[in-house]
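Trainee: Questions regarding the structure given below will be posed in turn.
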Amino acid sequence: MATCRGIDVSAYQGTQDWAAWKAQGITFAFAKASEGQSAHDPKFAAHIKGIKAADLVPGGYHFAWPNQDPRAEAANYISAVKSVAGKGFTHWLDLERYSDGRNYRGKTDTQIREWVTTWLAAVRTAFPGQRVGVYTSADDLAKGHVPAGTPLWYPAYPGSSVDTFAEAQAHAQPKPSGWTPLIWQFTSDPAGPDRIDQSIAYLSASDFRAWAGEAPSPAPAPKFKVSLAHVVAAAKKDPSAAQGHTTYKADVLLVERALQAEHLLAAHYVDGSFGSLTVNAYARWQRALGYSGSAADGIPGKTSLTKLGAKHGFTVTT
């Protein structure tokens, strides 16, 4: 299997010789940008400047506090990276529980998943066409904290048997909780004097660069129409009808496909029925736009539906 190599850094690491890292075969390097609602990593700008100068694939990551406001945390991350997040920049949510649980305290698994979904949607909206993924553990994956289809950067450490790039590349690809990681961080305490977290991606160097720089095609000029009245009627009727009931299938399919493209609805629920899962997915879309309370109840409104259509190729009629 083709692979390529990468590292990640934060304020805990000193100045790096990025050209030397590239000479050692590194393809990508990610740096901590922010944490919580207000903290910025003081070395982020310097790290990214060096990463870019060495022509490595750059990325930033945000350490999550799921018991705080996801929109405020997304805004904090966006403010930290917006000046450097050009084409080919990748974005990562660092979702890991502190040993004492303080950043997860008081939240259920469902609430954490909703938090992650909201953060991801906000960052995708801020950086259209750029890759947004999650760094998280097998435990978080098993608890359903990460929406299906999200690019995964997975930490798992076999120990001394795998503490070099060559050993990781020869090792079987991990498959945590049915997921297939894009990136495996195989050591946080590597051999050698640098003490840098090391990862491999399951793509060749050229394919990883293409993946990071590949922007989805621009939204086509709207050629489909969705009736607001139809989807509202479906959202009110389908959840209480027999499973799979479709009130206005053609209109609902366009909305569901757009929600799937936003990573808010799994593909196998795109069936033309505005059932409870579609209502929940639409509510997440509303929250990603900043709505809350009864304004984010999963029943489409003209403004939120128009914004969804503008991104995914349909116009809204009454």
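Residue numbering restarts at 1 for every chain of the structure tokens, chains are lettered A, B, ... in their displayed order, and ligands are numbered from 1 as they appear.
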Name all residues at most 9 Å from segment 59-72 of chain A (count only C-alpha atoms; drop same-chain ones fewer than 3 positions away) and give them as a count of residues only.

Mentor: 48

Trainee: Using Å and a single decimal, report how far atom CA of Val84 of chain A sits from atom CA of Ala45 of chain A.

Mentor: 8.3 Å

Trainee: So how far away is atom CA of Val316 of chain A from atom CA of Leu228 of chain A, in Å?

Mentor: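 So the answer is 6.3 Å.
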
Trainee: Give me the residues near Pro147 of chain A as a JSON list (two decimals) with C-alpha atoms, in the first residue's frame, where near means some atom within 10 Å (using only C-alpha atoms) and where sequence neighbours in that chain fewer than 5 positions away do not count.

Mentor:
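The resulting result-v9.json:
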```json
[["chain", "number", "residue", "atom", "x", "y", "z"],
["A", 113, "ARG", "CA", -21.38, 14.27, 18.16],
["A", 114, "GLU", "CA", -23.64, 17.30, 17.64],
["A", 116, "VAL", "CA", -18.34, 17.96, 16.40],
["A", 117, "THR", "CA", -20.82, 18.19, 13.52],
["A", 120, "LEU", "CA", -16.89, 20.81, 11.18],
["A", 134, "VAL", "CA", -10.89, 14.85, 12.85],
["A", 141, "LEU", "CA", -15.06, 6.56, 17.40],
["A", 263, "HIS", "CA", -21.59, 15.58, 5.76],
["A", 264, "LEU", "CA", -24.78, 15.94, 7.79],
["A", 265, "LEU", "CA", -26.71, 12.92, 6.47],
["A", 266, "ALA", "CA", -25.42, 9.45, 5.63]]
```

Trainee: Can you tell me which residues surround Thr3 of chain A at a distance of at most 6 Å, considering only C-alpha atoms, apart from same-chain residues fewer than 4 positions away, and format the answer as an NGL selection string?

Mentor: :A and (201-204)

Trainee: Name the residues of segment 97-247 of chain A that fall into strand (DSSP E or B) according to DSSP on the backbone, using the chain letters and numbers of this document, as an mmCIF file with N, CA and C atoms, in the first residue's frame.

Mentor:
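For reference, out_34.cif as written:
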```cif
data_model
loop_
_atom_site.group_PDB
_atom_site.id
_atom_site.type_symbol
_atom_site.label_atom_id
_atom_site.label_comp_id
_atom_site.auth_asym_id
_atom_site.auth_seq_id
_atom_site.Cartn_x
_atom_site.Cartn_y
_atom_site.Cartn_z
ATOM 1 N N VAL A 132 -11.377 19.095 5.727
ATOM 2 C CA VAL A 132 -11.594 19.262 7.163
ATOM 3 C C VAL A 132 -11.802 17.874 7.759
ATOM 4 N N GLY A 133 -10.957 17.483 8.715
ATOM 5 C CA GLY A 133 -11.037 16.157 9.297
ATOM 6 C C GLY A 133 -10.967 16.189 10.809
ATOM 7 N N VAL A 134 -10.915 15.003 11.395
ATOM 8 C CA VAL A 134 -10.893 14.853 12.855
ATOM 9 C C VAL A 134 -9.747 13.935 13.258
ATOM 10 N N TYR A 135 -9.024 14.348 14.298
ATOM 11 C CA TYR A 135 -8.020 13.521 14.974
ATOM 12 C C TYR A 135 -8.694 13.008 16.236
ATOM 13 N N THR A 136 -8.836 11.701 16.355
ATOM 14 C CA THR A 136 -9.496 11.190 17.547
ATOM 15 C C THR A 136 -9.182 9.718 17.761
ATOM 16 N N LEU A 152 -10.238 10.868 8.730
ATOM 17 C CA LEU A 152 -9.789 10.491 10.067
ATOM 18 C C LEU A 152 -8.274 10.455 10.161
ATOM 19 N N TRP A 153 -7.762 11.147 11.162
ATOM 20 C CA TRP A 153 -6.356 11.089 11.579
ATOM 21 C C TRP A 153 -6.384 10.375 12.925
ATOM 22 N N TYR A 154 -5.840 9.174 12.960
ATOM 23 C CA TYR A 154 -6.065 8.262 14.085
ATOM 24 C C TYR A 154 -4.785 8.005 14.868
ATOM 25 N N PRO A 155 -4.777 8.285 16.193
ATOM 26 C CA PRO A 155 -3.619 7.992 17.021
ATOM 27 C C PRO A 155 -3.731 6.622 17.696
ATOM 28 N N ILE A 183 -4.982 8.870 7.980
ATOM 29 C CA ILE A 183 -3.663 9.093 8.571
ATOM 30 C C ILE A 183 -3.590 8.331 9.885
ATOM 31 N N TRP A 184 -2.457 7.701 10.139
ATOM 32 C CA TRP A 184 -2.209 7.006 11.406
ATOM 33 C C TRP A 184 -1.032 7.673 12.105
ATOM 34 N N GLN A 185 -1.293 8.239 13.279
ATOM 35 C CA GLN A 185 -0.209 8.735 14.137
ATOM 36 C C GLN A 185 0.250 7.546 14.983
ATOM 37 N N PHE A 186 1.422 7.028 14.650
ATOM 38 C CA PHE A 186 1.843 5.755 15.233
ATOM 39 C C PHE A 186 2.723 5.914 16.462
ATOM 40 N N THR A 187 3.204 7.110 16.729
ATOM 41 C CA THR A 187 3.974 7.327 17.951
ATOM 42 C C THR A 187 3.891 8.773 18.383
ATOM 43 N N ASP A 197 5.839 14.017 17.214
ATOM 44 C CA ASP A 197 4.793 13.078 16.823
ATOM 45 C C ASP A 197 4.936 12.737 15.344
ATOM 46 N N GLN A 198 4.805 11.463 15.029
ATOM 47 C CA GLN A 198 5.006 11.023 13.650
ATOM 48 C C GLN A 198 3.787 10.247 13.156
ATOM 49 N N SER A 199 3.475 10.425 11.875
ATOM 50 C CA SER A 199 2.300 9.804 11.267
ATOM 51 C C SER A 199 2.632 9.333 9.859
ATOM 52 N N ILE A 200 1.815 8.412 9.378
ATOM 53 C CA ILE A 200 1.843 8.078 7.953
ATOM 54 C C ILE A 200 0.432 8.247 7.398
ATOM 55 N N ALA A 201 0.347 8.673 6.155
ATOM 56 C CA ALA A 201 -0.927 8.736 5.440
ATOM 57 C C ALA A 201 -0.974 7.597 4.435
ATOM 58 N N PHE A 224 -32.153 23.178 -10.788
ATOM 59 C CA PHE A 224 -33.259 22.486 -10.161
ATOM 60 C C PHE A 224 -34.009 23.459 -9.263
ATOM 61 N N LYS A 225 -35.269 23.157 -9.030
ATOM 62 C CA LYS A 225 -36.088 23.985 -8.153
ATOM 63 C C LYS A 225 -36.655 23.124 -7.032
ATOM 64 N N VAL A 226 -36.653 23.680 -5.832
ATOM 65 C CA VAL A 226 -37.230 23.015 -4.671
ATOM 66 C C VAL A 226 -38.339 23.903 -4.131
ATOM 67 N N SER A 227 -39.488 23.330 -3.930
ATOM 68 C CA SER A 227 -40.615 24.070 -3.368
ATOM 69 C C SER A 227 -40.502 24.098 -1.848
#
```

Trainee: Got a sec to tell me which of segment 167-317 of chain A DSSP assigns to alpha helix (DSSP H), as a PyMOL selection string?

Mentor: chain A and resi 167-170+205-213+228-237+249-261+276-288+302-312

Trainee: Take the residues from that selection and write them out as a PDB file, in the first residue's frame, keeping C-alpha atoms.

Mentor:
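So the final result, stored in again.pdb, reads:
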```
ATOM      1  CA  GLU A 167       8.148   0.104  10.859  1.00  0.00           C
ATOM      2  CA  ALA A 168       4.816   1.931  10.583  1.00  0.00           C
ATOM      3  CA  GLN A 169       4.769   1.572   6.816  1.00  0.00           C
ATOM      4  CA  ALA A 170       5.370  -2.175   7.152  1.00  0.00           C
ATOM      5  CA  ALA A 205       3.026  11.672  -1.598  1.00  0.00           C
ATOM      6  CA  SER A 206       1.626  12.867  -4.918  1.00  0.00           C
ATOM      7  CA  ASP A 207      -1.850  11.546  -4.145  1.00  0.00           C
ATOM      8  CA  PHE A 208      -1.808  13.157  -0.698  1.00  0.00           C
ATOM      9  CA  ARG A 209      -0.887  16.498  -2.243  1.00  0.00           C
ATOM     10  CA  ALA A 210      -3.704  16.064  -4.749  1.00  0.00           C
ATOM     11  CA  TRP A 211      -6.120  15.147  -1.959  1.00  0.00           C
ATOM     12  CA  ALA A 212      -5.167  18.207   0.090  1.00  0.00           C
ATOM     13  CA  GLY A 213      -5.316  20.576  -2.864  1.00  0.00           C
ATOM     14  CA  LEU A 228     -40.383  25.421   0.170  1.00  0.00           C
ATOM     15  CA  ALA A 229     -44.019  24.513   0.752  1.00  0.00           C
ATOM     16  CA  HIS A 230     -43.376  20.938  -0.366  1.00  0.00           C
ATOM     17  CA  VAL A 231     -40.357  20.299   1.858  1.00  0.00           C
ATOM     18  CA  VAL A 232     -42.030  21.935   4.874  1.00  0.00           C
ATOM     19  CA  ALA A 233     -45.064  19.710   4.368  1.00  0.00           C
ATOM     20  CA  ALA A 234     -42.824  16.650   4.036  1.00  0.00           C
ATOM     21  CA  ALA A 235     -40.808  17.566   7.143  1.00  0.00           C
ATOM     22  CA  LYS A 236     -44.026  17.771   9.145  1.00  0.00           C
ATOM     23  CA  LYS A 237     -45.719  14.664   7.739  1.00  0.00           C
ATOM     24  CA  LYS A 249     -39.971  12.786  -2.943  1.00  0.00           C
ATOM     25  CA  ALA A 250     -38.374  14.809  -5.766  1.00  0.00           C
ATOM     26  CA  ASP A 251     -38.007  17.967  -3.678  1.00  0.00           C
ATOM     27  CA  VAL A 252     -36.808  16.109  -0.598  1.00  0.00           C
ATOM     28  CA  LEU A 253     -34.182  14.144  -2.545  1.00  0.00           C
ATOM     29  CA  LEU A 254     -32.510  17.393  -3.637  1.00  0.00           C
ATOM     30  CA  VAL A 255     -32.422  18.616  -0.042  1.00  0.00           C
ATOM     31  CA  GLU A 256     -31.114  15.287   1.280  1.00  0.00           C
ATOM     32  CA  ARG A 257     -28.355  15.128  -1.334  1.00  0.00           C
ATOM     33  CA  ALA A 258     -27.248  18.601  -0.286  1.00  0.00           C
ATOM     34  CA  LEU A 259     -27.248  17.562   3.386  1.00  0.00           C
ATOM     35  CA  GLN A 260     -25.192  14.495   2.457  1.00  0.00           C
ATOM     36  CA  ALA A 261     -22.674  16.726   0.655  1.00  0.00           C
ATOM     37  CA  SER A 276     -36.671  12.093  11.642  1.00  0.00           C
ATOM     38  CA  LEU A 277     -33.031  11.582  10.603  1.00  0.00           C
ATOM     39  CA  THR A 278     -33.411  14.126   7.804  1.00  0.00           C
ATOM     40  CA  VAL A 279     -35.101  16.523  10.235  1.00  0.00           C
ATOM     41  CA  ASN A 280     -32.149  16.103  12.602  1.00  0.00           C
ATOM     42  CA  ALA A 281     -29.677  16.635   9.766  1.00  0.00           C
ATOM     43  CA  TYR A 282     -31.463  19.799   8.663  1.00  0.00           C
ATOM     44  CA  ALA A 283     -31.459  21.064  12.255  1.00  0.00           C
ATOM     45  CA  ARG A 284     -27.676  20.652  12.284  1.00  0.00           C
ATOM     46  CA  TRP A 285     -27.522  22.692   9.063  1.00  0.00           C
ATOM     47  CA  GLN A 286     -29.598  25.406  10.739  1.00  0.00           C
ATOM     48  CA  ARG A 287     -27.305  25.420  13.771  1.00  0.00           C
ATOM     49  CA  ALA A 288     -24.257  25.642  11.508  1.00  0.00           C
ATOM     50  CA  LYS A 302     -36.703  30.071   3.240  1.00  0.00           C
ATOM     51  CA  THR A 303     -33.362  31.624   4.242  1.00  0.00           C
ATOM     52  CA  SER A 304     -31.680  28.403   5.381  1.00  0.00           C
ATOM     53  CA  LEU A 305     -33.007  26.452   2.386  1.00  0.00           C
ATOM     54  CA  THR A 306     -31.891  29.173  -0.030  1.00  0.00           C
ATOM     55  CA  LYS A 307     -28.374  29.064   1.442  1.00  0.00           C
ATOM     56  CA  LEU A 308     -28.293  25.285   1.084  1.00  0.00           C
ATOM     57  CA  GLY A 309     -29.484  25.545  -2.509  1.00  0.00           C
ATOM     58  CA  ALA A 310     -26.911  28.204  -3.361  1.00  0.00           C
ATOM     59  CA  LYS A 311     -24.155  25.751  -2.423  1.00  0.00           C
ATOM     60  CA  HIS A 312     -25.681  22.708  -4.070  1.00  0.00           C
TER      61      HIS A 312
END
```

Trainee: Considering only C-alpha atoms, state which residue in the set A:Val57, A:Trp18, A:Ile78, A:Ser10 is at the smallest distance from Asp41 of chain A.

Mentor: A:Ser10

Trainee: Write out as a list of chain:residue names which residues come within 8 Å of His47 of chain A when counting only C-alpha atoms, dropping same-chain ones fewer than 6 positions away.

Mentor: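 Non-adjacent residues within range: A:Val9, A:Thr15, A:Gln16, A:Ala31.
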
Trainee: Which one of A:Ala19, A:Ile7, A:Ala296, A:Ala74 sits closest to Lys49 of chain A if you count only C-alpha atoms?

Mentor: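 When distances to Lys49 of chain A are compared using only C-alpha atoms, the smallest one comes from A:Ala19.
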
Trainee: Work out how far atom CA of Ser161 of chain A is from atom CA of Pro176 of chain A, in Å to one decimal.

Mentor: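 Taking atom CA of Pro176 of chain A and atom CA of Ser161 of chain A, their separation equals 19.1 Å.
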